[in-house]
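Visitor: Just coords-v8.txt, nothing more (compact mmCIF, C-alpha atoms):
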```txt
# COMPACT_ATOMS: atom_id res chain seq x y z
CA MET A 1 -25.75 15.76 6.30
CA ILE A 2 -23.54 12.92 7.51
CA ARG A 3 -21.39 13.72 10.54
CA TYR A 4 -18.51 11.70 11.95
CA TYR A 5 -18.32 10.78 15.63
CA SER A 6 -15.53 9.22 17.65
CA THR A 7 -15.91 5.64 18.86
CA ASN A 8 -14.74 6.95 22.26
CA ARG A 9 -17.52 9.60 22.24
CA GLY A 10 -15.20 12.15 23.89
CA VAL A 11 -15.05 14.88 21.23
CA PRO A 12 -17.64 16.72 19.13
CA GLU A 13 -18.72 15.32 15.77
CA VAL A 14 -16.93 16.66 12.68
CA ASP A 15 -17.57 16.83 8.94
CA LEU A 16 -15.84 14.50 6.47
CA ALA A 17 -13.12 16.96 5.49
CA GLU A 18 -12.04 17.36 9.12
CA ALA A 19 -12.19 13.60 9.71
CA LEU A 20 -9.96 13.03 6.67
CA LEU A 21 -7.50 15.74 7.62
CA THR A 22 -7.32 14.71 11.29
CA GLY A 23 -7.17 10.92 10.91
CA GLN A 24 -7.60 9.89 14.55
CA ALA A 25 -10.07 11.68 16.81
CA GLY A 26 -8.68 13.85 19.60
CA ASP A 27 -9.89 11.39 22.26
CA LYS A 28 -7.93 8.55 20.54
CA GLY A 29 -11.13 7.11 19.09
CA LEU A 30 -11.87 6.37 15.43
CA PHE A 31 -14.35 8.30 13.33
CA MET A 32 -17.61 6.64 12.25
CA PRO A 33 -20.32 8.03 9.94
CA ASP A 34 -23.71 8.97 11.38
CA PRO A 35 -25.87 7.89 9.75
CA ILE A 36 -24.50 5.24 7.41
CA PRO A 37 -26.24 6.17 4.15
CA ARG A 38 -28.47 3.71 2.30
CA LEU A 39 -28.11 2.79 -1.35
CA ALA A 40 -30.93 4.29 -3.38
CA PRO A 41 -33.75 2.00 -4.58
CA GLY A 42 -32.78 0.58 -7.94
CA PHE A 43 -29.07 1.33 -7.52
CA LEU A 44 -27.98 -2.31 -7.28
CA ALA A 45 -29.83 -3.06 -10.53
CA ARG A 46 -27.72 -0.38 -12.24
CA ALA A 47 -24.45 -1.17 -10.48
CA ARG A 48 -23.65 -4.17 -12.69
CA ASP A 49 -23.37 -1.91 -15.75
CA LEU A 50 -21.27 0.86 -14.20
CA SER A 51 -17.53 1.07 -14.73
CA TYR A 52 -15.50 0.87 -11.54
CA PRO A 53 -14.81 4.65 -11.44
CA GLU A 54 -18.50 5.36 -12.06
CA LEU A 55 -19.52 2.96 -9.28
CA ALA A 56 -16.99 4.49 -6.89
CA ALA A 57 -18.19 8.01 -7.61
CA GLU A 58 -21.83 7.08 -6.92
CA VAL A 59 -21.12 5.11 -3.73
CA LEU A 60 -18.62 7.58 -2.28
CA GLY A 61 -20.85 10.48 -3.26
CA LEU A 62 -23.24 9.38 -0.51
CA TYR A 63 -20.51 10.24 2.02
CA THR A 64 -18.63 13.13 0.39
CA GLU A 65 -21.38 15.56 -0.60
CA ALA A 66 -20.20 18.23 1.84
CA ALA A 67 -16.51 17.84 0.95
CA PHE A 68 -16.39 17.44 -2.85
CA THR A 69 -18.65 18.47 -5.69
CA PRO A 70 -19.91 15.65 -7.95
CA ALA A 71 -17.56 16.87 -10.69
CA ALA A 72 -14.57 16.89 -8.34
CA LEU A 73 -15.42 13.44 -7.02
CA LYS A 74 -15.76 12.05 -10.55
CA GLU A 75 -12.34 13.46 -11.39
CA LEU A 76 -10.83 11.87 -8.27
CA CYS A 77 -12.31 8.45 -9.03
CA ASP A 78 -11.46 8.51 -12.74
CA ASP A 79 -7.85 9.28 -11.85
CA ALA A 80 -7.61 6.80 -8.95
CA TYR A 81 -9.20 3.74 -10.57
CA ASP A 82 -7.51 3.22 -13.91
CA PHE A 83 -6.90 -0.53 -13.42
CA ASP A 84 -8.92 -3.73 -13.62
CA VAL A 85 -10.71 -5.55 -10.79
CA PRO A 86 -10.88 -9.18 -12.04
CA LEU A 87 -13.45 -11.63 -10.70
CA GLU A 88 -12.17 -15.18 -11.21
CA ARG A 89 -14.45 -18.19 -10.92
CA ILE A 90 -12.51 -20.95 -9.18
CA SER A 91 -15.14 -23.67 -8.81
CA GLY A 92 -18.94 -23.66 -9.06
CA THR A 93 -20.20 -20.59 -7.25
CA ARG A 94 -16.86 -19.91 -5.54
CA HIS A 95 -14.84 -16.96 -6.81
CA VAL A 96 -11.73 -14.92 -6.09
CA MET A 97 -11.77 -11.13 -6.44
CA ARG A 98 -8.25 -10.06 -7.39
CA LEU A 99 -7.48 -6.69 -5.83
CA ASP A 100 -3.85 -6.73 -6.95
CA ARG A 101 -3.86 -4.85 -10.28
CA GLY A 102 -3.11 -1.37 -8.95
CA PRO A 103 0.26 0.41 -9.03
CA THR A 104 1.63 -1.38 -5.94
CA ALA A 105 -0.10 -4.73 -6.64
CA SER A 106 -2.13 -4.63 -3.42
CA PHE A 107 -5.73 -3.99 -2.35
CA LYS A 108 -4.39 -1.02 -0.39
CA ASP A 109 -4.23 0.89 -3.69
CA PHE A 110 -8.02 1.27 -3.71
CA ALA A 111 -8.01 3.37 -0.56
CA ALA A 112 -4.57 4.94 -0.85
CA ARG A 113 -5.06 6.38 -4.33
CA PHE A 114 -8.40 7.91 -3.38
CA MET A 115 -6.95 9.31 -0.16
CA GLY A 116 -3.90 10.77 -1.88
CA ARG A 117 -6.05 12.63 -4.37
CA ALA A 118 -8.71 13.68 -1.85
CA LEU A 119 -6.26 14.98 0.75
CA GLY A 120 -4.19 16.67 -1.95
CA ARG A 121 -7.26 18.58 -3.10
CA LEU A 122 -8.24 19.55 0.46
CA VAL A 123 -4.72 20.74 1.22
CA ARG A 124 -4.67 22.92 -1.90
CA GLU A 125 -8.10 24.36 -1.17
CA ARG A 126 -7.37 25.14 2.48
CA GLY A 127 -3.70 26.12 2.23
CA ARG A 128 -2.88 23.60 4.92
CA GLU A 129 0.17 21.32 4.95
CA LEU A 130 -0.02 17.75 6.28
CA LEU A 131 2.43 15.23 7.68
CA VAL A 132 1.05 11.73 7.09
CA LEU A 133 2.19 9.09 9.59
CA THR A 134 1.65 5.49 8.57
CA ALA A 135 2.54 2.17 10.18
CA THR A 136 2.62 -0.82 7.87
CA SER A 137 2.76 -4.58 8.23
CA GLY A 138 3.46 -5.02 4.53
CA ASP A 139 1.37 -3.43 1.80
CA THR A 140 -0.08 -0.26 3.36
CA GLY A 141 3.25 1.55 3.39
CA SER A 142 4.02 1.06 -0.27
CA ALA A 143 0.47 1.95 -1.37
CA ILE A 144 0.45 5.13 0.71
CA ALA A 145 3.98 6.09 -0.32
CA HIS A 146 3.14 5.75 -4.02
CA ALA A 147 -0.24 7.48 -3.69
CA PHE A 148 1.23 10.53 -1.94
CA LEU A 149 4.57 10.68 -3.75
CA GLY A 150 5.07 14.20 -5.08
CA VAL A 151 1.73 15.51 -3.76
CA GLU A 152 2.31 19.18 -2.97
CA GLY A 153 1.82 20.16 0.66
CA ILE A 154 1.95 16.59 1.99
CA ARG A 155 4.91 14.74 3.52
CA VAL A 156 4.85 11.08 4.50
CA VAL A 157 6.61 9.01 7.18
CA VAL A 158 6.23 5.22 7.01
CA LEU A 159 7.19 2.95 9.93
CA PHE A 160 7.67 -0.77 9.25
CA PRO A 161 8.94 -3.88 11.10
CA ILE A 162 12.15 -4.62 9.22
CA HIS A 163 12.07 -8.40 9.71
CA GLU A 164 8.39 -8.94 8.87
CA VAL A 165 7.96 -7.53 5.37
CA SER A 166 8.98 -9.26 2.17
CA ASP A 167 11.92 -7.97 0.14
CA ARG A 168 9.66 -6.57 -2.58
CA GLN A 169 7.26 -5.01 -0.09
CA ARG A 170 10.18 -3.19 1.53
CA ARG A 171 11.68 -2.01 -1.76
CA GLN A 172 8.34 -0.57 -2.86
CA MET A 173 8.63 1.87 0.07
CA THR A 174 12.34 2.50 0.39
CA THR A 175 13.25 3.26 -3.25
CA LEU A 176 11.00 6.31 -3.62
CA GLY A 177 12.58 9.19 -1.67
CA GLY A 178 11.19 12.64 -2.35
CA ASN A 179 8.53 13.57 0.18
CA VAL A 180 8.45 10.00 1.54
CA ALA A 181 10.62 8.95 4.51
CA THR A 182 10.80 5.35 5.76
CA LEU A 183 11.75 4.20 9.26
CA ALA A 184 12.75 0.57 9.87
CA LEU A 185 12.09 -0.80 13.38
CA ASP A 186 13.33 -4.05 14.87
CA SER A 187 9.86 -4.74 16.26
CA LYS A 188 6.29 -5.72 15.42
CA PHE A 189 3.61 -3.88 13.46
CA ASP A 190 1.68 -3.27 16.67
CA ASN A 191 4.69 -1.37 18.05
CA CYS A 192 4.90 0.77 14.92
CA GLN A 193 1.17 1.47 15.13
CA ALA A 194 1.42 2.39 18.82
CA LEU A 195 4.11 5.01 18.07
CA VAL A 196 1.93 6.58 15.40
CA LYS A 197 -1.10 6.70 17.70
CA GLN A 198 0.94 8.22 20.52
CA ALA A 199 2.22 10.95 18.22
CA PHE A 200 -1.34 11.95 17.31
CA SER A 201 -2.20 12.56 20.95
CA ASP A 202 1.05 14.39 21.82
CA PRO A 203 0.33 18.13 22.31
CA ASP A 204 3.99 18.94 21.59
CA LEU A 205 3.45 17.83 17.99
CA ALA A 206 0.21 19.72 17.43
CA GLY A 207 1.84 22.16 15.03
CA LEU A 208 3.05 19.52 12.59
CA GLY A 209 -0.31 18.98 10.87
CA LEU A 210 -0.33 15.26 11.65
CA THR A 211 -2.79 12.88 10.04
CA SER A 212 -2.94 9.17 9.36
CA ALA A 213 -3.23 7.10 6.22
CA ASN A 214 -3.60 3.87 8.15
CA SER A 215 -7.06 2.36 8.29
CA ILE A 216 -7.65 4.36 11.46
CA ASN A 217 -8.48 7.15 8.96
CA ILE A 218 -12.08 6.92 7.75
CA GLY A 219 -10.79 7.84 4.31
CA ARG A 220 -9.23 4.40 4.07
CA LEU A 221 -12.49 2.57 4.77
CA LEU A 222 -15.00 4.36 2.57
CA PRO A 223 -13.31 3.47 -0.75
CA GLN A 224 -12.96 -0.15 0.35
CA SER A 225 -16.73 -0.52 0.53
CA VAL A 226 -16.96 -0.07 -3.24
CA TYR A 227 -15.36 -3.31 -4.43
CA TYR A 228 -17.77 -5.41 -2.37
CA ILE A 229 -20.64 -3.84 -4.30
CA HIS A 230 -18.70 -4.23 -7.55
CA ALA A 231 -18.21 -7.97 -7.05
CA ALA A 232 -21.65 -8.81 -5.68
CA SER A 233 -23.52 -6.89 -8.38
CA ARG A 234 -21.67 -8.74 -11.14
CA LEU A 235 -21.80 -12.25 -9.72
CA ALA A 236 -25.25 -12.42 -8.11
CA ASP A 237 -28.75 -11.00 -8.41
CA VAL A 238 -28.30 -8.70 -5.43
CA ALA A 239 -30.87 -6.33 -6.91
CA GLY A 240 -33.38 -9.15 -6.44
CA GLY A 241 -32.22 -9.79 -2.89
CA GLU A 242 -29.82 -12.67 -3.55
CA LYS A 243 -27.24 -12.82 -0.77
CA VAL A 244 -23.51 -13.47 -1.17
CA ILE A 245 -20.74 -14.72 1.09
CA PHE A 246 -17.49 -12.78 1.41
CA SER A 247 -14.31 -14.22 2.88
CA VAL A 248 -11.99 -11.45 4.04
CA PRO A 249 -8.33 -12.00 5.00
CA SER A 250 -8.13 -9.84 8.11
CA GLY A 251 -5.28 -8.18 10.00
CA ASN A 252 -6.08 -4.63 11.13
CA PHE A 253 -9.73 -5.14 10.05
CA GLY A 254 -10.03 -2.12 7.77
CA ASP A 255 -10.93 -4.34 4.83
CA LEU A 256 -13.68 -6.05 6.81
CA MET A 257 -15.03 -2.68 7.92
CA GLY A 258 -15.31 -1.63 4.29
CA GLY A 259 -17.46 -4.70 3.68
CA LEU A 260 -19.57 -4.04 6.76
CA LEU A 261 -20.22 -0.48 5.59
CA ALA A 262 -21.42 -1.86 2.23
CA PHE A 263 -23.64 -4.33 4.11
CA HIS A 264 -25.17 -1.60 6.26
CA MET A 265 -25.71 0.49 3.14
CA GLY A 266 -27.98 -2.27 1.85
CA LEU A 267 -25.81 -4.85 0.05
CA PRO A 268 -27.35 -8.32 0.67
CA VAL A 269 -24.69 -10.43 2.45
CA GLU A 270 -25.30 -13.90 3.90
CA ARG A 271 -22.11 -13.95 5.98
CA PHE A 272 -18.67 -12.42 6.26
CA VAL A 273 -15.97 -15.02 6.88
CA VAL A 274 -13.40 -13.24 9.05
CA ALA A 275 -10.23 -15.15 8.19
CA THR A 276 -7.14 -14.42 10.26
CA ASN A 277 -3.76 -16.12 10.42
CA ALA A 278 -2.47 -17.53 13.73
CA ASN A 279 -3.13 -14.11 15.31
CA ASP A 280 -6.60 -15.31 16.26
CA GLU A 281 -7.69 -12.77 18.88
CA VAL A 282 -10.86 -11.87 16.97
CA PRO A 283 -12.07 -15.41 16.12
CA ARG A 284 -11.61 -16.24 19.83
CA PHE A 285 -13.53 -13.10 20.79
CA LEU A 286 -16.43 -14.09 18.52
CA GLU A 287 -16.44 -17.57 20.02
CA THR A 288 -16.08 -16.71 23.70
CA GLY A 289 -17.13 -13.06 24.07
CA ARG A 290 -13.81 -12.36 25.83
CA TYR A 291 -11.19 -10.23 24.12
CA ALA A 292 -7.47 -10.66 24.73
CA LYS A 293 -4.75 -9.10 22.60
CA ILE A 294 -1.83 -11.17 21.33
CA ASP A 295 1.30 -9.38 22.48
CA PRO A 296 3.68 -9.68 20.77
CA SER A 297 1.88 -10.65 17.59
CA LEU A 298 2.83 -13.93 15.96
CA LYS A 299 5.00 -13.94 12.84
CA CYS A 300 3.22 -15.66 9.93
CA ILE A 301 3.86 -15.90 6.19
CA SER A 302 0.76 -13.74 5.62
CA ASN A 303 2.82 -10.92 7.10
CA ALA A 304 0.45 -8.01 6.45
CA MET A 305 -1.98 -9.71 8.85
CA ASN A 306 0.46 -10.05 11.76
CA VAL A 307 -1.63 -7.87 14.05
CA GLY A 308 -2.19 -8.71 17.71
CA HIS A 309 -4.71 -5.92 18.36
CA PRO A 310 -6.62 -4.64 15.30
CA SER A 311 -7.36 -0.93 15.49
CA ASN A 312 -10.59 -1.31 13.54
CA LEU A 313 -12.04 -3.77 16.02
CA ALA A 314 -13.21 -0.68 17.92
CA ARG A 315 -15.28 0.25 14.87
CA VAL A 316 -16.66 -3.28 14.49
CA VAL A 317 -17.67 -3.33 18.16
CA ASP A 318 -19.25 0.13 17.80
CA LEU A 319 -21.24 -1.02 14.77
CA TYR A 320 -22.74 -3.79 16.88
CA GLY A 321 -23.72 -1.51 19.76
CA GLY A 322 -20.66 -1.91 22.00
CA SER A 323 -17.69 0.22 22.99
CA MET A 324 -13.98 -0.65 22.96
CA ASP A 325 -11.24 1.85 23.71
CA GLU A 326 -8.02 2.24 21.76
CA VAL A 327 -6.07 -0.29 23.84
CA GLY A 328 -8.70 -3.03 23.66
CA ASN A 329 -10.68 -2.56 26.86
CA LEU A 330 -14.26 -3.64 26.23
CA ARG A 331 -16.29 -0.97 28.03
CA VAL A 332 -19.70 -1.98 26.65
CA PRO A 333 -20.16 -5.47 25.17
CA PRO A 334 -21.50 -5.60 21.61
CA ASP A 335 -24.49 -7.62 20.44
CA LEU A 336 -22.61 -10.92 20.18
CA PRO A 337 -25.55 -13.02 18.95
CA ARG A 338 -25.99 -10.66 15.99
CA MET A 339 -22.23 -10.59 15.36
CA ARG A 340 -22.18 -14.38 15.25
CA ARG A 341 -25.08 -14.45 12.80
CA GLU A 342 -23.28 -12.09 10.42
CA LEU A 343 -19.59 -12.84 11.04
CA HIS A 344 -17.82 -16.20 11.10
CA GLY A 345 -14.32 -16.10 12.58
CA VAL A 346 -11.69 -18.65 11.56
CA SER A 347 -7.94 -18.84 12.13
CA ILE A 348 -5.71 -20.33 9.41
CA ASP A 349 -2.15 -21.18 10.50
CA ASP A 350 0.86 -21.27 8.17
CA ALA A 351 0.59 -24.99 7.47
CA HIS A 352 -3.01 -24.64 6.31
CA THR A 353 -2.13 -21.48 4.37
CA ARG A 354 0.54 -23.34 2.44
CA ALA A 355 -1.80 -26.28 1.88
CA ALA A 356 -4.43 -23.92 0.46
CA ILE A 357 -1.93 -22.47 -2.02
CA VAL A 358 -1.00 -25.96 -3.20
CA GLU A 359 -4.62 -27.18 -3.39
CA ALA A 360 -5.86 -24.13 -5.30
CA TYR A 361 -3.10 -24.53 -7.90
CA LYS A 362 -3.21 -28.30 -8.31
CA THR A 363 -7.01 -28.57 -8.34
CA HIS A 364 -8.07 -25.35 -10.03
CA GLY A 365 -4.93 -23.83 -11.60
CA ALA A 366 -5.36 -20.73 -9.42
CA VAL A 367 -2.27 -19.01 -8.04
CA LEU A 368 -2.86 -17.51 -4.59
CA GLU A 369 -0.46 -15.64 -2.33
CA PRO A 370 -0.41 -16.18 1.47
CA HIS A 371 -3.04 -13.57 2.40
CA GLY A 372 -5.48 -14.62 -0.29
CA ALA A 373 -4.84 -18.23 0.68
CA VAL A 374 -5.95 -17.46 4.23
CA GLY A 375 -9.18 -16.07 2.82
CA TRP A 376 -9.67 -19.04 0.49
CA ALA A 377 -8.98 -21.60 3.23
CA GLY A 378 -11.34 -19.73 5.56
CA LEU A 379 -14.08 -19.85 2.93
CA GLN A 380 -13.60 -23.57 2.37
CA SER A 381 -13.73 -24.18 6.13
CA PHE A 382 -16.94 -22.17 6.50
CA LEU A 383 -18.70 -23.94 3.62
CA ASP A 384 -17.66 -27.33 5.01
CA LEU A 385 -19.50 -26.36 8.19
CA HIS A 386 -22.52 -25.09 6.25
CA PRO A 387 -23.24 -27.45 3.33
CA GLU A 388 -26.70 -25.89 3.02
CA LEU A 389 -24.96 -22.78 1.61
CA ALA A 390 -22.98 -24.66 -1.02
CA GLY A 391 -24.90 -23.03 -3.87
CA THR A 392 -24.52 -19.48 -2.54
CA THR A 393 -22.29 -17.13 -4.50
CA ALA A 394 -19.07 -16.91 -2.48
CA ILE A 395 -16.27 -14.40 -3.05
CA SER A 396 -12.84 -14.62 -1.44
CA LEU A 397 -10.59 -11.55 -1.53
CA GLU A 398 -7.08 -11.89 -2.96
CA THR A 399 -5.34 -8.89 -1.47
CA ALA A 400 -1.83 -8.89 -2.98
CA HIS A 401 -0.11 -10.10 -6.12
CA PRO A 402 1.59 -13.52 -5.80
CA ALA A 403 4.76 -12.03 -7.31
CA LYS A 404 5.30 -10.16 -4.03
CA PHE A 405 6.11 -13.53 -2.43
CA PRO A 406 8.15 -15.34 -5.09
CA GLU A 407 10.20 -17.53 -2.76
CA GLU A 408 7.13 -18.94 -1.01
CA ILE A 409 5.21 -19.52 -4.25
CA ARG A 410 8.21 -21.13 -5.96
CA ALA A 411 8.82 -23.48 -3.05
CA LEU A 412 5.17 -24.57 -2.85
CA ILE A 413 4.02 -24.94 -6.47
CA GLY A 414 7.24 -24.69 -8.46
CA ILE A 415 6.46 -21.61 -10.54
CA ASP A 416 7.58 -17.99 -10.62
CA PRO A 417 4.47 -15.79 -10.68
CA PRO A 418 4.59 -13.43 -13.67
CA LEU A 419 5.96 -10.08 -12.57
CA PRO A 420 3.47 -7.22 -13.07
CA ASP A 421 4.76 -3.96 -14.49
CA SER A 422 4.34 -2.34 -11.07
CA LEU A 423 7.04 -4.58 -9.58
CA ARG A 424 9.59 -4.37 -12.42
CA GLY A 425 12.88 -2.66 -11.63
CA LEU A 426 12.48 -2.85 -7.86
CA ASP A 427 15.43 -5.17 -7.35
CA SER A 428 17.85 -2.65 -8.86
CA GLY A 429 16.47 0.44 -7.14
CA VAL A 430 18.51 2.29 -4.52
CA GLU A 431 17.01 1.99 -1.04
CA HIS A 432 16.84 4.81 1.49
CA HIS A 433 15.59 4.12 5.01
CA ARG A 434 16.61 4.87 8.56
CA GLU A 435 16.74 2.37 11.37
CA MET A 436 15.17 3.60 14.59
CA ALA A 437 14.76 2.30 18.13
CA THR A 438 11.27 1.18 19.15
CA GLU A 439 10.62 3.82 21.75
CA TYR A 440 8.54 6.95 21.50
CA GLY A 441 11.29 9.43 22.46
CA SER A 442 13.34 8.51 19.39
CA PHE A 443 10.34 8.81 17.08
CA LYS A 444 9.30 12.15 18.56
CA ASP A 445 12.83 13.52 18.28
CA PHE A 446 12.92 12.49 14.63
CA LEU A 447 9.62 14.26 13.86
CA VAL A 448 10.62 17.46 15.67
CA ARG A 449 14.08 17.50 14.08
CA GLU A 450 12.95 16.80 10.53
CA TYR A 451 9.53 18.43 10.26
CA ARG A 452 9.19 21.32 12.69
CA ALA A 453 9.50 24.58 10.77
```
What is this structure when it is put down as structure tokens?

Guide:
Amino acid sequence: MIRYYSTNRGVPEVDLAEALLTGQAGDKGLFMPDPIPRLAPGFLARARDLSYPELAAEVLGLYTEAAFTPAALKELCDDAYDFDVPLERISGTRHVMRLDRGPTASFKDFAARFMGRALGRLVRERGRELLVLTATSGDTGSAIAHAFLGVEGIRVVVLFPIHEVSDRQRRQMTTLGGNVATLALDSKFDNCQALVKQAFSDPDLAGLGLTSANSINIGRLLPQSVYYIHAASRLADVAGGEKVIFSVPSGNFGDLMGGLLAFHMGLPVERFVVATNANDEVPRFLETGRYAKIDPSLKCISNAMNVGHPSNLARVVDLYGGSMDEVGNLRVPPDLPRMRRELHGVSIDDAHTRAAIVEAYKTHGAVLEPHGAVGWAGLQSFLDLHPELAGTTAISLETAHPAKFPEEIRALIGIDPPLPDSLRGLDSGVEHHREMATEYGSFKDFLVREYRA
């Protein structure tokens, strides 16, 4: 049976249910599966013909056997994944996977909807209430808020940097109400994330049933491994060993970790392009072997990636045999030569992001938003450096719907992206959020006042 250990190795291993319910390990580390399961022989040959819910149920079933019956898992996946996952050929063997067709028009829906249903079931079965704390740099908050809205036994608090989310991203969180509370901070995402992490390790709050729906929760990463297998199995002969290239717009590195899990499960991958915005701490780490946080993080138009210290870097380092604590101290160096063979780091600043949006539209008629444009520009940069891979199937992840950034898209290519149904009516909704100082005492007082029975 798979167990889950902390990257800080300071607490006993737990089962999946406990890892999901707890979120962050008690020693401030992040849970990792041991062992990472392998895809069964012949699975990739079948994967092409499975619907997305069927694929998700088979892949996630390798991790969830002890927590959910196959019938329960099928029900969760059928309910969570009732939207399309388009694969768009842009040019030759280069493609974009559009992960923006869910209810909040963001890739975060893939993990959030599974988590909402999984935790809701566990709470009902165990008679245990939860308070979900989530920091967001843009899309996580809305996806989590929608996924958990109205779920019995679960309350949600979302912290967001008020000046670094788009108008539509904010409204997706603040117009819900119900069991969802939103806190606006005049700060950075990293500050919001630090408050959440501190609350998890505060013994005074132990009775609140705290858990996380950020990508520090293993429940956010497991579902994100599925769409890598979905894309590769449909665009390449991965069953025959053909390798693919993925370009992943990266902020807190949960999305990349989902891909790395799929890779370690047996998906043939030539390289992961780790594409960041100007917050380039990880590309510099891959190049030099020295890690230095960016504090404060830099404000870029790809706002959901404005992260100066990615939480999931600790997991990436662990996967490559190293050890990094929760504040970024590298205690044991990872296998950098292997990391460099499998990961290519590249930083795309705002000027190049905007140029990529213009080029993709004018040359190929493809409409990209800032995060997807970082991934696309990173892929182009990598293939320019490696012309020998020009014929390799390459897939860039588009992580949000362009309509979430109408002003930027309109200014660059002169069109208004069609508004998906999930974004209609937002502009007229009534917003409810509280502004809060960026210091732990205020946050703790709020939690005790509002949620202590």

Visitor: Hey, which of A:Gly259, A:Ala143, A:Gly26, A:Gly425 ends up closest to Asp202 of chain A? Count only C-alpha atoms.

Guide: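 When distances to Asp202 of chain A are compared using only C-alpha atoms, the smallest one comes from A:Gly26.
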
Visitor: Identify which of the residues A:Phe189, A:Gly209, A:Leu44, A:Val244 lies closest to Leu389 of chain A, counting all atoms listed in the file when measuring atom-to-atom distances.

Guide: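 Using all atoms listed in the file, Leu389 of chain A sits closest to A:Val244.
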
Visitor: For Leu130 of chain A, work out the shell of residues within 10 Å, counting only C-alpha atoms and skipping chain neighbours fewer than 4 positions away, then give it as a list in words.

Guide: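 Non-adjacent residues within range: Leu21, Thr22, Leu119, Gly120, Val123, Glu152, Gly153, Ile154, Arg155, Val156, Gly207, Leu208, Gly209, Leu210, Thr211 and Ser212 of chain A.
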
Visitor: To one decimal place, how far is atom CA of Ala199 of chain A from atom CA of Glu18 of chain A in Å?

Guide: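 Atom CA of Glu18 of chain A lies at a distance of 18.1 Å from atom CA of Ala199 of chain A.
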
Visitor: Find the spatial neighbours of Ala377 of chain A, counting all atoms listed in the file, within a cut-off of 7 Å - ignore same-chain residues fewer than 4 positions away - and output them as a VMD selection string.

Guide: chain A and resid 353 356 373 381

Visitor: Excluding same-chain residues fewer than 4 positions from Tyr440 of chain A, what lies within 12 Å of it counting only C-alpha atoms, as a list in words?

Guide: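 Within the cut-off, the hits are Leu185, Asn191, Cys192, Gln193, Ala194, Leu195, Val196, Lys197, Gln198, Ala199, Phe200, Asp202, Met436, Lys444, Asp445, Phe446 and Leu447 of chain A.
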
Visitor: Could you check how far atom CA of Leu336 of chain A sits from atom CA of Asp255 of chain A, in Å to one decimal?

Guide: 20.4 Å

Visitor: Could you give me, as a Markdown table, a per-residue list for segment 54-149 of chain A showing, wherever an atom lies at most 8 Å from an atom of segment 164-169 of chain A, the closest pair of atoms and their distance in Å to one decimal, using only C-alpha atoms and sorting by chain then residue number from low to high?

Guide:
```
| residue | atom | partner | partner_atom | distance |
| --- | --- | --- | --- | --- |
| A:Ser137 | CA | A:Val165 | CA | 6.6 |
| A:Gly138 | CA | A:Val165 | CA | 5.2 |
| A:Asp139 | CA | A:Gln169 | CA | 6.4 |
| A:Ser142 | CA | A:Gln169 | CA | 6.9 |
```
